[in-house]
Structure formats: structure tokens, C-alpha cells
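What follows is the content of coords_37.cif, which has mmCIF, C-alpha atoms:
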```
data_my_file
loop_
_atom_site.group_PDB
_atom_site.id
_atom_site.type_symbol
_atom_site.label_atom_id
_atom_site.label_comp_id
_atom_site.auth_asym_id
_atom_site.auth_seq_id
_atom_site.Cartn_x
_atom_site.Cartn_y
_atom_site.Cartn_z
ATOM 1 C CA MET Y 25 46.030 0.051 -11.844
ATOM 2 C CA LYS Y 26 45.778 3.668 -10.645
ATOM 3 C CA GLU Y 27 42.985 4.325 -13.148
ATOM 4 C CA GLN Y 28 41.119 1.249 -11.913
ATOM 5 C CA ASN Y 29 41.357 2.497 -8.314
ATOM 6 C CA ILE Y 30 39.920 5.881 -9.314
ATOM 7 C CA TYR Y 31 36.982 4.203 -11.044
ATOM 8 C CA GLN Y 32 36.413 1.883 -8.073
ATOM 9 C CA LEU Y 33 36.495 4.750 -5.563
ATOM 10 C CA THR Y 34 34.156 6.833 -7.693
ATOM 11 C CA GLY Y 35 31.829 3.865 -8.143
ATOM 12 C CA CYS Y 36 31.805 3.249 -4.379
ATOM 13 C CA ALA Y 37 30.985 6.894 -3.705
ATOM 14 C CA VAL Y 38 28.173 6.918 -6.272
ATOM 15 C CA MET Y 39 26.661 3.676 -4.965
ATOM 16 C CA THR Y 40 26.916 4.864 -1.349
ATOM 17 C CA ALA Y 41 25.097 8.043 -2.360
ATOM 18 C CA LEU Y 42 22.425 5.947 -4.110
ATOM 19 C CA MET Y 43 21.984 3.884 -0.936
ATOM 20 C CA CYS Y 44 21.615 7.102 1.069
ATOM 21 C CA VAL Y 45 18.847 8.217 -1.304
ATOM 22 C CA LEU Y 46 17.001 4.884 -1.655
ATOM 23 C CA GLY Y 47 17.520 3.542 1.888
ATOM 24 C CA PRO Y 48 15.225 5.985 3.704
ATOM 25 C CA MET Y 49 12.361 5.362 1.285
ATOM 26 C CA SER Y 50 10.211 2.741 2.931
ATOM 27 C CA ILE Y 51 6.689 1.499 3.383
ATOM 28 C CA PRO Y 52 5.913 0.544 6.996
ATOM 29 C CA ILE Y 53 4.064 -2.787 7.058
ATOM 30 C CA GLY Y 54 4.868 -3.684 10.652
ATOM 31 C CA PRO Y 55 8.029 -3.631 12.739
ATOM 32 C CA ILE Y 56 10.102 -4.269 9.582
ATOM 33 C CA PRO Y 57 9.369 -1.848 6.719
ATOM 34 C CA VAL Y 58 9.734 -2.557 3.012
ATOM 35 C CA SER Y 59 12.719 -0.525 1.876
ATOM 36 C CA LEU Y 60 14.946 -0.227 -1.170
ATOM 37 C CA THR Y 61 18.175 -0.756 0.769
ATOM 38 C CA ASN Y 62 18.672 -4.341 -0.378
ATOM 39 C CA PHE Y 63 17.926 -3.298 -3.974
ATOM 40 C CA ALA Y 64 20.706 -0.683 -3.743
ATOM 41 C CA VAL Y 65 23.115 -3.172 -2.117
ATOM 42 C CA LEU Y 66 22.535 -5.793 -4.811
ATOM 43 C CA LEU Y 67 22.844 -3.188 -7.564
ATOM 44 C CA ALA Y 68 26.135 -1.978 -6.070
ATOM 45 C CA VAL Y 69 27.456 -5.528 -6.040
ATOM 46 C CA TYR Y 70 26.253 -6.147 -9.596
ATOM 47 C CA LEU Y 71 28.065 -3.047 -10.829
ATOM 48 C CA LEU Y 72 31.163 -2.987 -8.615
ATOM 49 C CA GLY Y 73 31.731 -6.581 -7.558
ATOM 50 C CA MET Y 74 32.132 -7.990 -4.075
ATOM 51 C CA LYS Y 75 34.750 -5.572 -2.742
ATOM 52 C CA GLY Y 76 33.279 -2.376 -4.180
ATOM 53 C CA GLY Y 77 29.681 -3.273 -3.334
ATOM 54 C CA THR Y 78 30.545 -4.297 0.223
ATOM 55 C CA VAL Y 79 32.664 -1.186 0.821
ATOM 56 C CA SER Y 80 29.814 0.989 -0.492
ATOM 57 C CA TYR Y 81 27.365 -0.610 1.909
ATOM 58 C CA VAL Y 82 29.699 -0.458 4.915
ATOM 59 C CA ILE Y 83 30.235 3.271 4.301
ATOM 60 C CA TYR Y 84 26.434 3.708 4.104
ATOM 61 C CA LEU Y 85 26.049 1.745 7.343
ATOM 62 C CA LEU Y 86 28.669 3.893 9.095
ATOM 63 C CA LEU Y 87 26.985 7.093 7.890
ATOM 64 C CA GLY Y 88 23.701 5.858 9.324
ATOM 65 C CA ALA Y 89 25.334 4.725 12.566
ATOM 66 C CA MET Y 90 26.772 8.231 12.994
ATOM 67 C CA GLY Y 91 23.237 9.606 12.950
ATOM 68 C CA LEU Y 92 22.604 10.638 9.354
ATOM 69 C CA PRO Y 93 18.961 9.869 8.472
ATOM 70 C CA VAL Y 94 19.777 7.316 5.757
ATOM 71 C CA PHE Y 95 18.036 4.255 7.199
ATOM 72 C CA SER Y 96 14.393 3.365 6.541
ATOM 73 C CA GLY Y 97 11.940 6.039 7.545
ATOM 74 C CA PHE Y 98 14.673 8.698 7.422
ATOM 75 C CA GLN Y 99 16.188 7.464 10.681
ATOM 76 C CA GLY Y 100 19.785 7.068 11.744
ATOM 77 C CA GLY Y 101 21.930 6.369 14.767
ATOM 78 C CA LEU Y 102 23.029 3.386 16.790
ATOM 79 C CA ALA Y 103 19.517 2.967 18.224
ATOM 80 C CA LYS Y 104 18.249 2.037 14.755
ATOM 81 C CA LEU Y 105 21.014 -0.565 14.439
ATOM 82 C CA ALA Y 106 20.140 -1.970 17.855
ATOM 83 C CA GLY Y 107 16.395 -2.033 17.099
ATOM 84 C CA PRO Y 108 14.318 -4.771 15.463
ATOM 85 C CA THR Y 109 15.539 -3.924 11.938
ATOM 86 C CA GLY Y 110 19.201 -4.000 12.956
ATOM 87 C CA GLY Y 111 19.493 -7.623 11.851
ATOM 88 C CA PHE Y 112 18.706 -6.667 8.277
ATOM 89 C CA LEU Y 113 21.086 -3.718 8.365
ATOM 90 C CA LEU Y 114 23.943 -5.915 9.577
ATOM 91 C CA GLY Y 115 22.867 -8.896 7.472
ATOM 92 C CA PHE Y 116 23.190 -6.869 4.286
ATOM 93 C CA ILE Y 117 26.973 -7.048 4.765
ATOM 94 C CA LEU Y 118 26.674 -10.809 4.237
ATOM 95 C CA THR Y 119 24.313 -10.136 1.346
ATOM 96 C CA ALA Y 120 26.941 -7.996 -0.364
ATOM 97 C CA LEU Y 121 29.713 -10.530 0.261
ATOM 98 C CA ILE Y 122 27.743 -13.561 -0.940
ATOM 99 C CA ALA Y 123 26.147 -11.883 -3.957
ATOM 100 C CA GLY Y 124 29.486 -10.288 -4.854
ATOM 101 C CA PHE Y 125 31.306 -13.601 -4.670
ATOM 102 C CA VAL Y 126 28.755 -15.200 -7.000
ATOM 103 C CA MET Y 127 28.848 -12.205 -9.365
ATOM 104 C CA GLU Y 128 32.603 -12.365 -9.686
ATOM 105 C CA ARG Y 129 32.724 -16.140 -10.195
ATOM 106 C CA PHE Y 130 29.717 -16.578 -12.453
ATOM 107 C CA TYR Y 131 29.184 -13.223 -14.170
ATOM 108 C CA GLY Y 132 27.068 -13.662 -17.277
ATOM 109 C CA HIS Y 133 25.192 -16.725 -15.983
ATOM 110 C CA MET Y 134 21.855 -15.154 -15.108
ATOM 111 C CA VAL Y 135 20.355 -18.205 -13.383
ATOM 112 C CA ILE Y 136 23.399 -18.633 -11.147
ATOM 113 C CA THR Y 137 23.499 -14.875 -10.506
ATOM 114 C CA MET Y 138 19.847 -14.889 -9.476
ATOM 115 C CA ALA Y 139 20.351 -17.955 -7.267
ATOM 116 C CA GLY Y 140 23.373 -16.278 -5.657
ATOM 117 C CA MET Y 141 21.384 -13.134 -4.935
ATOM 118 C CA MET Y 142 18.593 -15.202 -3.415
ATOM 119 C CA ALA Y 143 21.118 -17.067 -1.249
ATOM 120 C CA ALA Y 144 22.539 -13.688 -0.231
ATOM 121 C CA MET Y 145 19.068 -12.527 0.814
ATOM 122 C CA LEU Y 146 18.596 -15.750 2.800
ATOM 123 C CA ALA Y 147 21.700 -14.791 4.791
ATOM 124 C CA ALA Y 148 20.130 -11.390 5.533
ATOM 125 C CA TYR Y 149 16.859 -13.080 6.501
ATOM 126 C CA PHE Y 150 18.740 -15.368 8.877
ATOM 127 C CA CYS Y 151 20.496 -12.433 10.564
ATOM 128 C CA CYS Y 152 17.227 -10.541 10.820
ATOM 129 C CA VAL Y 153 15.301 -13.471 12.303
ATOM 130 C CA VAL Y 154 17.949 -14.136 14.943
ATOM 131 C CA TRP Y 155 18.280 -10.425 15.780
ATOM 132 C CA PHE Y 156 14.496 -9.951 15.875
ATOM 133 C CA MET Y 157 14.030 -12.970 18.172
ATOM 134 C CA ILE Y 158 16.615 -11.563 20.584
ATOM 135 C CA GLN Y 159 15.200 -8.026 20.501
ATOM 136 C CA MET Y 160 11.527 -8.943 20.712
ATOM 137 C CA GLN Y 161 11.838 -12.115 22.838
ATOM 138 C CA CYS Y 162 9.613 -14.000 20.396
ATOM 139 C CA SER Y 163 9.367 -17.412 18.760
ATOM 140 C CA VAL Y 164 11.021 -18.427 15.498
ATOM 141 C CA TRP Y 165 7.627 -18.687 13.821
ATOM 142 C CA TYR Y 166 6.630 -15.147 14.799
ATOM 143 C CA ALA Y 167 10.011 -13.824 13.617
ATOM 144 C CA LEU Y 168 9.630 -15.641 10.274
ATOM 145 C CA THR Y 169 6.095 -14.351 9.730
ATOM 146 C CA THR Y 170 7.216 -10.814 10.579
ATOM 147 C CA CYS Y 171 10.689 -10.634 9.021
ATOM 148 C CA VAL Y 172 10.730 -13.080 6.112
ATOM 149 C CA PHE Y 173 7.414 -14.219 4.655
ATOM 150 C CA PRO Y 174 6.043 -10.745 3.795
ATOM 151 C CA PHE Y 175 9.258 -9.858 1.942
ATOM 152 C CA VAL Y 176 10.132 -12.909 -0.165
ATOM 153 C CA LEU Y 177 8.080 -12.019 -3.244
ATOM 154 C CA ILE Y 178 9.037 -8.344 -3.034
ATOM 155 C CA ASP Y 179 12.720 -9.290 -2.790
ATOM 156 C CA VAL Y 180 12.472 -11.653 -5.777
ATOM 157 C CA ILE Y 181 11.036 -8.742 -7.780
ATOM 158 C CA LYS Y 182 13.903 -6.531 -6.578
ATOM 159 C CA ILE Y 183 16.450 -9.181 -7.617
ATOM 160 C CA LEU Y 184 14.910 -9.419 -11.094
ATOM 161 C CA ALA Y 185 14.988 -5.618 -11.359
ATOM 162 C CA VAL Y 186 18.642 -5.527 -10.266
ATOM 163 C CA ILE Y 187 19.604 -8.117 -12.869
ATOM 164 C CA GLY Y 188 17.779 -6.281 -15.654
ATOM 165 C CA LEU Y 189 18.847 -2.784 -14.656
ATOM 166 C CA GLY Y 190 22.346 -3.854 -13.645
ATOM 167 C CA LYS Y 191 23.027 -5.521 -16.976
ATOM 168 C CA THR Y 192 21.864 -2.421 -18.852
ATOM 169 C CA ILE Y 193 23.997 -0.097 -16.712
ATOM 170 C CA ARG Y 194 27.074 -2.373 -16.889
ATOM 171 C CA ASN Y 195 26.805 -2.537 -20.680
ATOM 172 C CA ALA Y 196 26.552 1.258 -20.913
ATOM 173 C CA MET Y 197 29.488 1.708 -18.558
ATOM 174 C CA ALA Y 198 31.538 -0.843 -20.501
ATOM 175 C CA ARG Y 199 30.835 1.005 -23.777
ATOM 176 C CA ALA Y 200 32.009 4.212 -22.097
ATOM 177 C CA GLU Y 201 35.069 2.339 -20.721
ATOM 178 C CA LEU Y 202 34.116 3.323 -17.181
ATOM 179 C CA ILE Y 203 34.039 -0.153 -15.684
ATOM 180 C CA PHE Y 204 36.394 -3.067 -15.280
ATOM 181 C CA ASP Y 205 35.746 -6.749 -15.895
ATOM 182 C CA LEU Y 206 34.771 -8.440 -12.618
ATOM 183 C CA ARG Y 207 36.715 -11.602 -13.385
ATOM 184 C CA ASN Y 208 40.171 -10.434 -14.404
ATOM 185 C CA ARG Y 209 40.051 -6.751 -13.380
ATOM 186 C CA THR Y 210 40.845 -5.529 -16.898
ATOM 187 C CA ARG Y 211 39.096 -2.683 -18.613
ATOM 188 C CA CYS Y 212 35.872 -3.654 -20.383
ATOM 189 C CA ARG Y 213 35.758 -2.673 -24.055
#
```
Could you render the structure as C-alpha cells?
Amino acid sequence: MKEQNIYQLTGCAVMTALMCVLGPMSIPIGPIPVSLTNFAVLLAVYLLGMKGGTVSYVIYLLLGAMGLPVFSGFQGGLAKLAGPTGGFLLGFILTALIAGFVMERFYGHMVITMAGMMAAMLAAYFCCVVWFMIQMQCSVWYALTTCVFPFVLIDVIKILAVIGLGKTIRNAMARAELIFDLRNRTRCR
């Protein structure tokens, strides 16, 4: 059990660091930029499960809230959380929880995994739309056309990349005995 905790803590630290590197990289296409944050969150969940992936993201979120420039566009601070993109930043907690739950229950079933990740992104979209409507005092349609429609195809591509890359990384980590089985928390061999 102690060895498992060390691997989980190390995995959380590595995935948080990856989020800090990928999160700021973004392409501004309007008030909501295209970023790699959700890619990093889904990859963390794929590799570490619900608890590890969610903890990694929450640590990343706290680092950004404290002012480190780890959010899109190399920004940080509470103002970024309170701004128009704050809904996505907070919604990714739900993304990690939902995708992690599906990963742990249905690991190995790629169609279910992909559907779970898409459902997890829908939760983030919902949070973003509601947050954006409150912040910008706009209609649901405007929020959807700004916060959801431009990102759906890009996010599907990210999900496919996470599944492909995640499976490759998990297999390599299992061969090196550096990862535990998501279902029964025993060492992968």
C-alpha cells in the first residue's frame, strides 16, 4: 500500500506539472481560447484514475488561482477564474470526476471510455455556458456559439489522442511496473 501511495503521489505531481506546461499554450479564437488543459486533464485521468487525475487538476487549479501563469495565455490569479473562461476551469473538475469514474468502471472498453470522456466534456461545456451567460449577460444561444460549438470537433480529436496516447503510456508504465490497475488497485504486470 505504501508503494502504491508513492506511485500515486509521483503520478499526481508529474501530471500537475504537465498541466502547468500544456495549460498556458492556447490559440485565442474569441473570448474562450483553444487550450490543451482538457487534454492534460483527460490524460491524467486515463493514467491515474478518478482520484489521482482529479487531485492533479485541483492542484493545478490552486497553483493558477495563487497567481502562477499556468492558465491559458500564460495567465493566473483569481481574476482569470472569475472571468469568462472560469466556467471551463471549474468545470474541468467535473470532467475529471466523470471521466475518472468511467475509466475505473469500464477500463479497456474503448467505446465506453470515449463516451464517458465526451460526457465529461459536456459537463465542462455546461459549466462554461452557465458561467459565461452570467459573466457576459448574454443569451444561451450566444454562449453556445461562443463556448461550445467551436470546440466540439477539436475536443473529439483531443479525446481520441488521449485514448491512443494514454493506452500506449499505460502499457509502458505497466511493463515497467510503475502503475496500478484502476479496478482493483493491484500492481499491473
Problem set entry | Test item: which residues lie within 10 Å of (12.1, 4.8, 2.9) counting all atoms listed in the file, as an NGL selection string | :Y and (44-52 or 57-61 or 94-99)
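For the file at hand, the PyMOL selection byres ((chain Y and resi 91) around 6) resolves to Y:Gly88, Y:Ala89, Y:Met90, Y:Leu92, Y:Gly100, Y:Gly101.
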Once you count only C-alpha atoms, what closest atom pair and distance in Å to one decimal does each residue of region 59-115 of chain Y within 8 Å of region 120-133 of chain Y have, with rows by chain and rising residue number, as a tab-separated table?
```
residue	atom	partner	partner_atom	distance
Y:Val65	CA	Y:Ala120	CA	6.4
Y:Leu66	CA	Y:Ala120	CA	6.6
Y:Val69	CA	Y:Gly124	CA	5.3
Y:Tyr70	CA	Y:Met127	CA	6.6
Y:Gly73	CA	Y:Gly124	CA	5.1
Y:Met74	CA	Y:Gly124	CA	3.6
Y:Lys75	CA	Y:Gly124	CA	7.4
Y:Gly77	CA	Y:Ala120	CA	6.2
Y:Thr78	CA	Y:Ala120	CA	5.2
Y:Tyr81	CA	Y:Ala120	CA	7.7
```
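At a cut-off of 10 Å from (17.1, -10.5, 17.9), the residue set is Ala106, Gly107, Pro108, Thr109, Gly110, Gly111, Cys151, Cys152, Val153, Val154, Trp155, Phe156, Met157, Ile158, Gln159, Met160, Gln161, Cys162 and Ala167 of chain Y (counting all atoms listed in the file).
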For the selection you just gave me, I'd like the residues written to a file as a PDB file, keeping the file's coordinate frame, keeping C-alpha atoms.
```pdb
ATOM      1  CA  ALA Y 106      20.140  -1.970  17.855  1.00  0.00           C
ATOM      2  CA  GLY Y 107      16.395  -2.033  17.099  1.00  0.00           C
ATOM      3  CA  PRO Y 108      14.318  -4.771  15.463  1.00  0.00           C
ATOM      4  CA  THR Y 109      15.539  -3.924  11.938  1.00  0.00           C
ATOM      5  CA  GLY Y 110      19.201  -4.000  12.956  1.00  0.00           C
ATOM      6  CA  GLY Y 111      19.493  -7.623  11.851  1.00  0.00           C
ATOM      7  CA  CYS Y 151      20.496 -12.433  10.564  1.00  0.00           C
ATOM      8  CA  CYS Y 152      17.227 -10.541  10.820  1.00  0.00           C
ATOM      9  CA  VAL Y 153      15.301 -13.471  12.303  1.00  0.00           C
ATOM     10  CA  VAL Y 154      17.949 -14.136  14.943  1.00  0.00           C
ATOM     11  CA  TRP Y 155      18.280 -10.425  15.780  1.00  0.00           C
ATOM     12  CA  PHE Y 156      14.496  -9.951  15.875  1.00  0.00           C
ATOM     13  CA  MET Y 157      14.030 -12.970  18.172  1.00  0.00           C
ATOM     14  CA  ILE Y 158      16.615 -11.563  20.584  1.00  0.00           C
ATOM     15  CA  GLN Y 159      15.200  -8.026  20.501  1.00  0.00           C
ATOM     16  CA  MET Y 160      11.527  -8.943  20.712  1.00  0.00           C
ATOM     17  CA  GLN Y 161      11.838 -12.115  22.838  1.00  0.00           C
ATOM     18  CA  CYS Y 162       9.613 -14.000  20.396  1.00  0.00           C
ATOM     19  CA  ALA Y 167      10.011 -13.824  13.617  1.00  0.00           C
TER      20      ALA Y 167
END
```
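CA of Leu114 (chain Y) is positioned 23.8 Å from CA of Thr34 (chain Y).
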